[in-house]
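> Below is a structure I'd like to ask you about.
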Amino acid sequence: MQNPYFVEKLRSFEIKKRSISELLKDLKDTAYQGRKLGEAFYVWERMLKDEDTVIFLGLAGSMSTAGMWKIIKWLVENNYVDVIVSTGANISEDIYEAMGFSYWKGSTNIDDSELYKYNIDRFYDVFASEDDYRKMENLIMEFADTLPEGVYSSRNFLWKFGNYLYNKGINSIITSCYVKKVPVYSPAISDSGYGIALAHLKKNKGKLISIDATLDLEEIAKIIANSKKTGVIYIGGGVPKDFVQISTILAPLYKMLENRTKPHHYAIQITTDAPQWGGLSGCTLEEAVSWGKISDKALKVTCYCDATIALPILAQGIFELNIKRIPPLNFEEILS
């Protein structure tokens, strides 16, 4: 009787001269999260080379304070990402550094009450100046004050802010997205410096700028509905991941489709959360198949790894491949 389980041999990792992309390809033949990191690289490469696939990046947490924001800019500038759905933190705390302020190597073994006395904010092992952080929030408030009162999608609000930053020479993530016409959504944008800035604007000047997350959901669903195929890269989970996932369910509302959902064809998830707690951040991509959010035929992989380890390694490997990619969709026509 032929053994159906011995299909592909594991290959022990050997030390030799190699590039990062070669390292990732070799890791794919090992085990545990090393294999998963290699598989994530494989899926990402396939996603980039599929000319019909619109690529979503779900960006959770506080990656910009960890020094990761220029990776996101690079992905945008090289057409490796078509749509970003982010926490407010990631697309505001990069502006802090883009304005010329610095993050500092800190420590977790510290008296935080002492940091408070010095107006120092701590992000795990990173320090920042509270005074400079307020200057970043004031910049957001100054921009918002240029807008007419009303209701905006976060994409519309951030598009206008990207233009504002571009004219000021502040080269942040949303500045690059403005230049490359990449839609950026932040459905929970008020849970960040943006929310503080808009609250100050309302209190100090009586001006109400409202960000409607329902508009975000509708727009993302329209993009998915009008895409031949979609792929997702989730750095962490939370609101960014869930918004991109549930938009597949809403997509048929905006375009006649064969099925009741429009599932993703490619999916990569980098997370440190676990599924047994029932939260969305740890929810497996396999579970999402039951909802119709991920295709049962999708190329998909979850790598359980700190994103500050996995993302730079994967992005450096992608850099070495030198893939030339043309965005597959005109978002202006869909979102106008």
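Following the order of the structure tokens, chains are lettered A, B, ..., residues in each are numbered from 1, and ligands are numbered from 1.
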Please build the interface table for region 212-320 of chain A against region 175-191 of chain A with a cut-off of 9 Å, listing for each qualifying residue the nearest atom pair and the distance in Å to one decimal; count only C-alpha atoms, order rows by chain and increasing number, and write it as a tab-separated table.


```
residue	atom	partner	partner_atom	distance
A:Asp212	CA	A:Pro187	CA	7.8
A:Ala213	CA	A:Pro187	CA	4.9
A:Thr214	CA	A:Pro187	CA	8.2
A:Asp216	CA	A:Pro187	CA	6.5
A:Leu217	CA	A:Pro187	CA	8.1
A:Ile220	CA	A:Tyr185	CA	8.5
A:Val239	CA	A:Ala188	CA	7.0
A:Pro240	CA	A:Ser186	CA	7.3
A:Phe243	CA	A:Pro187	CA	7.8
```

> Output C-alpha atoms for every residue in that selection, as a tab-separated table (two decimals), in the first residue's frame.


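Dumped everything to out_18.tsv:
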```
chain	number	residue	atom	x	y	z
A	212	ASP	CA	-18.24	57.71	9.03
A	213	ALA	CA	-16.93	54.12	9.16
A	214	THR	CA	-20.02	52.90	7.30
A	216	ASP	CA	-15.49	53.00	4.58
A	217	LEU	CA	-17.24	49.63	4.60
A	220	ILE	CA	-14.08	48.71	0.42
A	239	VAL	CA	-10.31	46.34	12.99
A	240	PRO	CA	-8.19	46.52	9.79
A	243	PHE	CA	-13.11	45.36	7.83
```

> What parts of region 167-296 of chain A does DSSP call strand (DSSP E)? I'd like the answer as a PyMOL selection string.

chain A and resi 184-185+209-211+229-235+264-271+294-296

> Those selected residues, please, written with C-alpha atoms and delivered as a PDB file, in the first residue's frame.


```pdb
ATOM      1  CA  VAL A 184      -6.192  54.411   2.696  1.00  0.00           C
ATOM      2  CA  TYR A 185      -8.920  53.517   5.169  1.00  0.00           C
ATOM      3  CA  ILE A 209     -15.536  66.921  11.132  1.00  0.00           C
ATOM      4  CA  SER A 210     -17.177  63.510  11.285  1.00  0.00           C
ATOM      5  CA  ILE A 211     -15.608  60.293   9.952  1.00  0.00           C
ATOM      6  CA  LYS A 229      -9.551  38.741  -7.623  1.00  0.00           C
ATOM      7  CA  THR A 230      -8.326  40.022  -4.270  1.00  0.00           C
ATOM      8  CA  GLY A 231      -5.410  39.166  -2.024  1.00  0.00           C
ATOM      9  CA  VAL A 232      -4.861  40.211   1.574  1.00  0.00           C
ATOM     10  CA  ILE A 233      -1.802  40.711   3.750  1.00  0.00           C
ATOM     11  CA  TYR A 234      -2.666  41.078   7.422  1.00  0.00           C
ATOM     12  CA  ILE A 235      -0.032  42.506   9.727  1.00  0.00           C
ATOM     13  CA  HIS A 264     -10.217  36.513  -1.257  1.00  0.00           C
ATOM     14  CA  HIS A 265      -8.000  34.337  -3.475  1.00  0.00           C
ATOM     15  CA  TYR A 266      -4.739  34.940  -1.607  1.00  0.00           C
ATOM     16  CA  ALA A 267      -4.179  35.522   2.100  1.00  0.00           C
ATOM     17  CA  ILE A 268      -1.172  36.049   4.364  1.00  0.00           C
ATOM     18  CA  GLN A 269      -1.532  36.602   8.083  1.00  0.00           C
ATOM     19  CA  ILE A 270       1.322  37.575  10.417  1.00  0.00           C
ATOM     20  CA  THR A 271       0.071  37.416  13.987  1.00  0.00           C
ATOM     21  CA  ILE A 294     -11.568  33.387   2.008  1.00  0.00           C
ATOM     22  CA  SER A 295     -11.942  31.087  -0.996  1.00  0.00           C
ATOM     23  CA  ASP A 296     -11.675  27.375  -0.248  1.00  0.00           C
TER      24      ASP A 296
END
```

> Report the distance between CA of His200 (chain A) and CA of Arg122 (chain A) in Å, rounded to one decimal place.

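Atom-to-atom, CA of His200 (chain A) to CA of Arg122 (chain A), that is 22.9 Å.
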
> For Ile249 (chain A), which of A:Asp111, A:Asp273, A:Glu218, A:Asp132 is the closest residue, counting only C-alpha atoms?

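The answer is A:Glu218, which sits nearest to Ile249 (chain A).
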
> As a PyMOL selection string, please: all residues of region 22-243 of chain A that backbone DSSP puts in alpha helix (DSSP H).

chain A and resi 22-27+32-49+69-77+93-98+112-117+130-144+154-168+173-180+193-205+213-225+238-243

> Would you export the selected residues with C-alpha atoms as an mmCIF file, in the first residue's frame, please?


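Dumped to again-v6.cif:
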```
data_model
loop_
_atom_site.group_PDB
_atom_site.id
_atom_site.type_symbol
_atom_site.label_atom_id
_atom_site.label_comp_id
_atom_site.auth_asym_id
_atom_site.auth_seq_id
_atom_site.Cartn_x
_atom_site.Cartn_y
_atom_site.Cartn_z
ATOM 1 C CA GLU A 22 16.945 32.520 -1.208
ATOM 2 C CA LEU A 23 16.874 32.112 2.579
ATOM 3 C CA LEU A 24 13.078 32.426 2.594
ATOM 4 C CA LYS A 25 12.725 29.904 -0.215
ATOM 5 C CA ASP A 26 14.932 27.460 1.711
ATOM 6 C CA LEU A 27 12.985 28.035 4.944
ATOM 7 C CA TYR A 32 7.337 25.254 12.270
ATOM 8 C CA GLN A 33 7.169 29.042 11.843
ATOM 9 C CA GLY A 34 10.312 29.069 9.704
ATOM 10 C CA ARG A 35 8.381 27.074 7.111
ATOM 11 C CA LYS A 36 5.382 29.365 7.505
ATOM 12 C CA LEU A 37 7.565 32.432 6.911
ATOM 13 C CA GLY A 38 8.886 30.807 3.738
ATOM 14 C CA GLU A 39 5.357 29.928 2.647
ATOM 15 C CA ALA A 40 4.248 33.521 3.285
ATOM 16 C CA PHE A 41 7.004 34.689 0.940
ATOM 17 C CA TYR A 42 5.852 32.192 -1.694
ATOM 18 C CA VAL A 43 2.214 33.347 -1.455
ATOM 19 C CA TRP A 44 3.230 37.022 -1.554
ATOM 20 C CA GLU A 45 5.306 36.452 -4.691
ATOM 21 C CA ARG A 46 2.426 34.621 -6.381
ATOM 22 C CA MET A 47 0.047 37.409 -5.386
ATOM 23 C CA LEU A 48 2.303 40.087 -6.881
ATOM 24 C CA LYS A 49 2.699 38.184 -10.140
ATOM 25 C CA TRP A 69 6.613 52.695 8.458
ATOM 26 C CA LYS A 70 9.143 53.166 5.663
ATOM 27 C CA ILE A 71 8.544 49.556 4.630
ATOM 28 C CA ILE A 72 4.889 50.437 4.047
ATOM 29 C CA LYS A 73 5.905 53.524 2.046
ATOM 30 C CA TRP A 74 8.196 51.372 -0.076
ATOM 31 C CA LEU A 75 5.419 48.871 -0.776
ATOM 32 C CA VAL A 76 3.133 51.718 -1.870
ATOM 33 C CA GLU A 77 5.756 53.427 -4.017
ATOM 34 C CA GLU A 93 2.825 58.098 14.346
ATOM 35 C CA ASP A 94 4.819 57.895 11.120
ATOM 36 C CA ILE A 95 4.019 61.596 10.600
ATOM 37 C CA TYR A 96 5.697 62.296 13.945
ATOM 38 C CA GLU A 97 9.022 61.078 12.531
ATOM 39 C CA ALA A 98 8.371 62.520 9.057
ATOM 40 C CA ASP A 112 6.992 55.010 34.142
ATOM 41 C CA SER A 113 6.090 57.674 36.681
ATOM 42 C CA GLU A 114 9.569 59.136 36.035
ATOM 43 C CA LEU A 115 8.887 59.148 32.299
ATOM 44 C CA TYR A 116 5.650 61.015 32.958
ATOM 45 C CA LYS A 117 7.591 63.727 34.808
ATOM 46 C CA GLU A 130 4.889 63.994 24.487
ATOM 47 C CA ASP A 131 5.491 67.616 23.469
ATOM 48 C CA ASP A 132 6.447 66.583 19.930
ATOM 49 C CA TYR A 133 3.537 64.143 19.798
ATOM 50 C CA ARG A 134 1.198 67.053 20.532
ATOM 51 C CA LYS A 135 2.772 68.988 17.658
ATOM 52 C CA MET A 136 1.858 66.108 15.356
ATOM 53 C CA GLU A 137 -1.727 66.173 16.636
ATOM 54 C CA ASN A 138 -1.817 69.949 16.183
ATOM 55 C CA LEU A 139 -0.776 69.478 12.552
ATOM 56 C CA ILE A 140 -3.762 67.177 12.049
ATOM 57 C CA MET A 141 -6.035 69.741 13.715
ATOM 58 C CA GLU A 142 -4.673 72.552 11.521
ATOM 59 C CA PHE A 143 -5.391 70.470 8.429
ATOM 60 C CA ALA A 144 -8.895 69.498 9.578
ATOM 61 C CA SER A 154 -11.702 58.051 6.285
ATOM 62 C CA ARG A 155 -10.388 57.527 2.747
ATOM 63 C CA ASN A 156 -11.644 60.926 1.593
ATOM 64 C CA PHE A 157 -10.335 62.622 4.748
ATOM 65 C CA LEU A 158 -6.910 60.958 4.481
ATOM 66 C CA TRP A 159 -6.690 61.646 0.731
ATOM 67 C CA LYS A 160 -7.066 65.361 1.417
ATOM 68 C CA PHE A 161 -4.600 65.121 4.302
ATOM 69 C CA GLY A 162 -2.098 63.375 2.013
ATOM 70 C CA ASN A 163 -2.337 66.323 -0.375
ATOM 71 C CA TYR A 164 -1.851 68.720 2.555
ATOM 72 C CA LEU A 165 1.256 66.857 3.757
ATOM 73 C CA TYR A 166 2.627 66.615 0.212
ATOM 74 C CA ASN A 167 2.437 70.390 -0.165
ATOM 75 C CA LYS A 168 4.233 70.788 3.164
ATOM 76 C CA ILE A 173 2.711 56.867 4.433
ATOM 77 C CA ILE A 174 -0.415 58.760 3.396
ATOM 78 C CA THR A 175 1.721 61.234 1.426
ATOM 79 C CA SER A 176 3.018 58.337 -0.678
ATOM 80 C CA CYS A 177 -0.514 56.957 -0.945
ATOM 81 C CA TYR A 178 -1.717 60.341 -2.206
ATOM 82 C CA VAL A 179 1.018 60.405 -4.869
ATOM 83 C CA LYS A 180 0.375 56.798 -5.964
ATOM 84 C CA GLY A 193 -4.149 61.126 17.458
ATOM 85 C CA TYR A 194 -6.701 61.877 14.737
ATOM 86 C CA GLY A 195 -9.541 61.508 17.216
ATOM 87 C CA ILE A 196 -7.786 63.756 19.728
ATOM 88 C CA ALA A 197 -7.160 66.379 17.032
ATOM 89 C CA LEU A 198 -10.771 66.357 15.823
ATOM 90 C CA ALA A 199 -12.083 66.529 19.394
ATOM 91 C CA HIS A 200 -9.884 69.585 20.061
ATOM 92 C CA LEU A 201 -11.126 71.195 16.850
ATOM 93 C CA LYS A 202 -14.733 70.676 17.885
ATOM 94 C CA LYS A 203 -14.149 71.958 21.428
ATOM 95 C CA ASN A 204 -11.933 74.933 20.567
ATOM 96 C CA LYS A 205 -13.569 76.126 17.337
ATOM 97 C CA ALA A 213 -16.935 54.122 9.159
ATOM 98 C CA THR A 214 -20.022 52.897 7.299
ATOM 99 C CA LEU A 215 -18.817 54.821 4.239
ATOM 100 C CA ASP A 216 -15.488 52.997 4.580
ATOM 101 C CA LEU A 217 -17.237 49.633 4.603
ATOM 102 C CA GLU A 218 -19.267 50.539 1.521
ATOM 103 C CA GLU A 219 -16.219 51.748 -0.415
ATOM 104 C CA ILE A 220 -14.084 48.709 0.423
ATOM 105 C CA ALA A 221 -16.967 46.440 -0.594
ATOM 106 C CA LYS A 222 -17.247 48.295 -3.927
ATOM 107 C CA ILE A 223 -13.527 47.782 -4.563
ATOM 108 C CA ILE A 224 -13.807 44.058 -3.841
ATOM 109 C CA ALA A 225 -16.954 43.752 -5.972
ATOM 110 C CA GLY A 238 -8.073 43.894 14.821
ATOM 111 C CA VAL A 239 -10.307 46.343 12.986
ATOM 112 C CA PRO A 240 -8.189 46.522 9.785
ATOM 113 C CA LYS A 241 -8.407 42.761 9.280
ATOM 114 C CA ASP A 242 -12.094 42.509 10.136
ATOM 115 C CA PHE A 243 -13.115 45.357 7.830
#
```

> For CA of Ser336 (chain A) and CA of Thr53 (chain A), determine how far apart the two atoms are, in Å to one decimal place.

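Taking CA of Ser336 (chain A) as the start and CA of Thr53 (chain A) as the end point, the length is 21.2 Å.
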
> For Met63 (chain A), work out the shell of residues within 12 Å, counting only C-alpha atoms and skipping chain neighbours fewer than 2 positions away, then give it as a PyMOL selection string.

chain A and resi 58-61+65-72+86-94+123-124+126+173+235-236+306-309+311-312

> Give me a file of those residues, with C-alpha atoms, as a PDB file, in the first residue's frame.


```pdb
ATOM      1  CA  GLY A  58      -4.381  45.300   6.771  1.00  0.00           C
ATOM      2  CA  LEU A  59      -2.081  47.094   9.188  1.00  0.00           C
ATOM      3  CA  ALA A  60      -2.799  46.806  12.906  1.00  0.00           C
ATOM      4  CA  GLY A  61      -0.990  47.867  16.056  1.00  0.00           C
ATOM      5  CA  THR A  65       6.760  53.631  16.330  1.00  0.00           C
ATOM      6  CA  ALA A  66       8.725  50.396  15.886  1.00  0.00           C
ATOM      7  CA  GLY A  67      10.474  51.739  12.788  1.00  0.00           C
ATOM      8  CA  MET A  68       8.395  49.828  10.225  1.00  0.00           C
ATOM      9  CA  TRP A  69       6.613  52.695   8.458  1.00  0.00           C
ATOM     10  CA  LYS A  70       9.143  53.166   5.663  1.00  0.00           C
ATOM     11  CA  ILE A  71       8.544  49.556   4.630  1.00  0.00           C
ATOM     12  CA  ILE A  72       4.889  50.437   4.047  1.00  0.00           C
ATOM     13  CA  SER A  86      -4.898  50.697   8.995  1.00  0.00           C
ATOM     14  CA  THR A  87      -5.196  51.692  12.595  1.00  0.00           C
ATOM     15  CA  GLY A  88      -5.020  55.436  13.129  1.00  0.00           C
ATOM     16  CA  ALA A  89      -1.781  54.944  15.052  1.00  0.00           C
ATOM     17  CA  ASN A  90       0.180  53.601  12.087  1.00  0.00           C
ATOM     18  CA  ILE A  91      -0.742  56.521   9.821  1.00  0.00           C
ATOM     19  CA  SER A  92      -0.219  59.253  12.408  1.00  0.00           C
ATOM     20  CA  GLU A  93       2.825  58.098  14.346  1.00  0.00           C
ATOM     21  CA  ASP A  94       4.819  57.895  11.120  1.00  0.00           C
ATOM     22  CA  PHE A 123       5.598  52.322  23.475  1.00  0.00           C
ATOM     23  CA  TYR A 124       6.903  49.107  25.050  1.00  0.00           C
ATOM     24  CA  VAL A 126      10.405  52.892  22.518  1.00  0.00           C
ATOM     25  CA  ILE A 173       2.711  56.867   4.433  1.00  0.00           C
ATOM     26  CA  ILE A 235      -0.032  42.506   9.727  1.00  0.00           C
ATOM     27  CA  GLY A 236      -1.743  41.741  13.022  1.00  0.00           C
ATOM     28  CA  ASP A 306       6.289  39.194  15.750  1.00  0.00           C
ATOM     29  CA  ALA A 307       5.598  41.428  12.748  1.00  0.00           C
ATOM     30  CA  THR A 308       8.726  43.483  13.481  1.00  0.00           C
ATOM     31  CA  ILE A 309      10.658  40.299  12.635  1.00  0.00           C
ATOM     32  CA  LEU A 311       7.712  42.070   7.834  1.00  0.00           C
ATOM     33  CA  PRO A 312      11.263  43.400   7.260  1.00  0.00           C
TER      34      PRO A 312
END
```

> Fewer than 6 positions away in the same chain doesn't count, so skip those; otherwise give me all residues within 9 Å of Cys283 (chain A), counting only C-alpha atoms, as a list in words.

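Result of the neighbour search: Gly237, Asp273, Ala274, Pro275, Gln276 and Trp277 of chain A.
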
> Mind dumping the selected residues with N, CA and C atoms as a tab-separated table (two decimals), in the first residue's frame?


```tsv
chain	number	residue	atom	x	y	z
A	237	GLY	N	-4.12	41.90	13.46
A	237	GLY	CA	-5.52	41.65	13.16
A	237	GLY	C	-6.38	42.86	13.40
A	273	ASP	N	-1.37	36.36	17.88
A	273	ASP	CA	-2.56	35.95	18.61
A	273	ASP	C	-2.90	34.50	18.27
A	274	ALA	N	-3.73	33.89	19.12
A	274	ALA	CA	-4.08	32.49	18.94
A	274	ALA	C	-5.59	32.35	18.78
A	275	PRO	N	-6.04	31.32	18.04
A	275	PRO	CA	-7.46	31.22	17.73
A	275	PRO	C	-8.35	30.79	18.89
A	276	GLN	N	-7.78	30.12	19.90
A	276	GLN	CA	-8.64	29.53	20.92
A	276	GLN	C	-9.32	30.54	21.83
A	277	TRP	N	-8.91	31.82	21.76
A	277	TRP	CA	-9.56	32.84	22.59
A	277	TRP	C	-10.79	33.43	21.90
```

> Would you work out the distance separating CA of Asn79 (chain A) from CA of Leu314 (chain A), expressed in Å to one decimal?

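Computing the Euclidean distance for CA of Asn79 (chain A) and CA of Leu314 (chain A) yields 15.9 Å.
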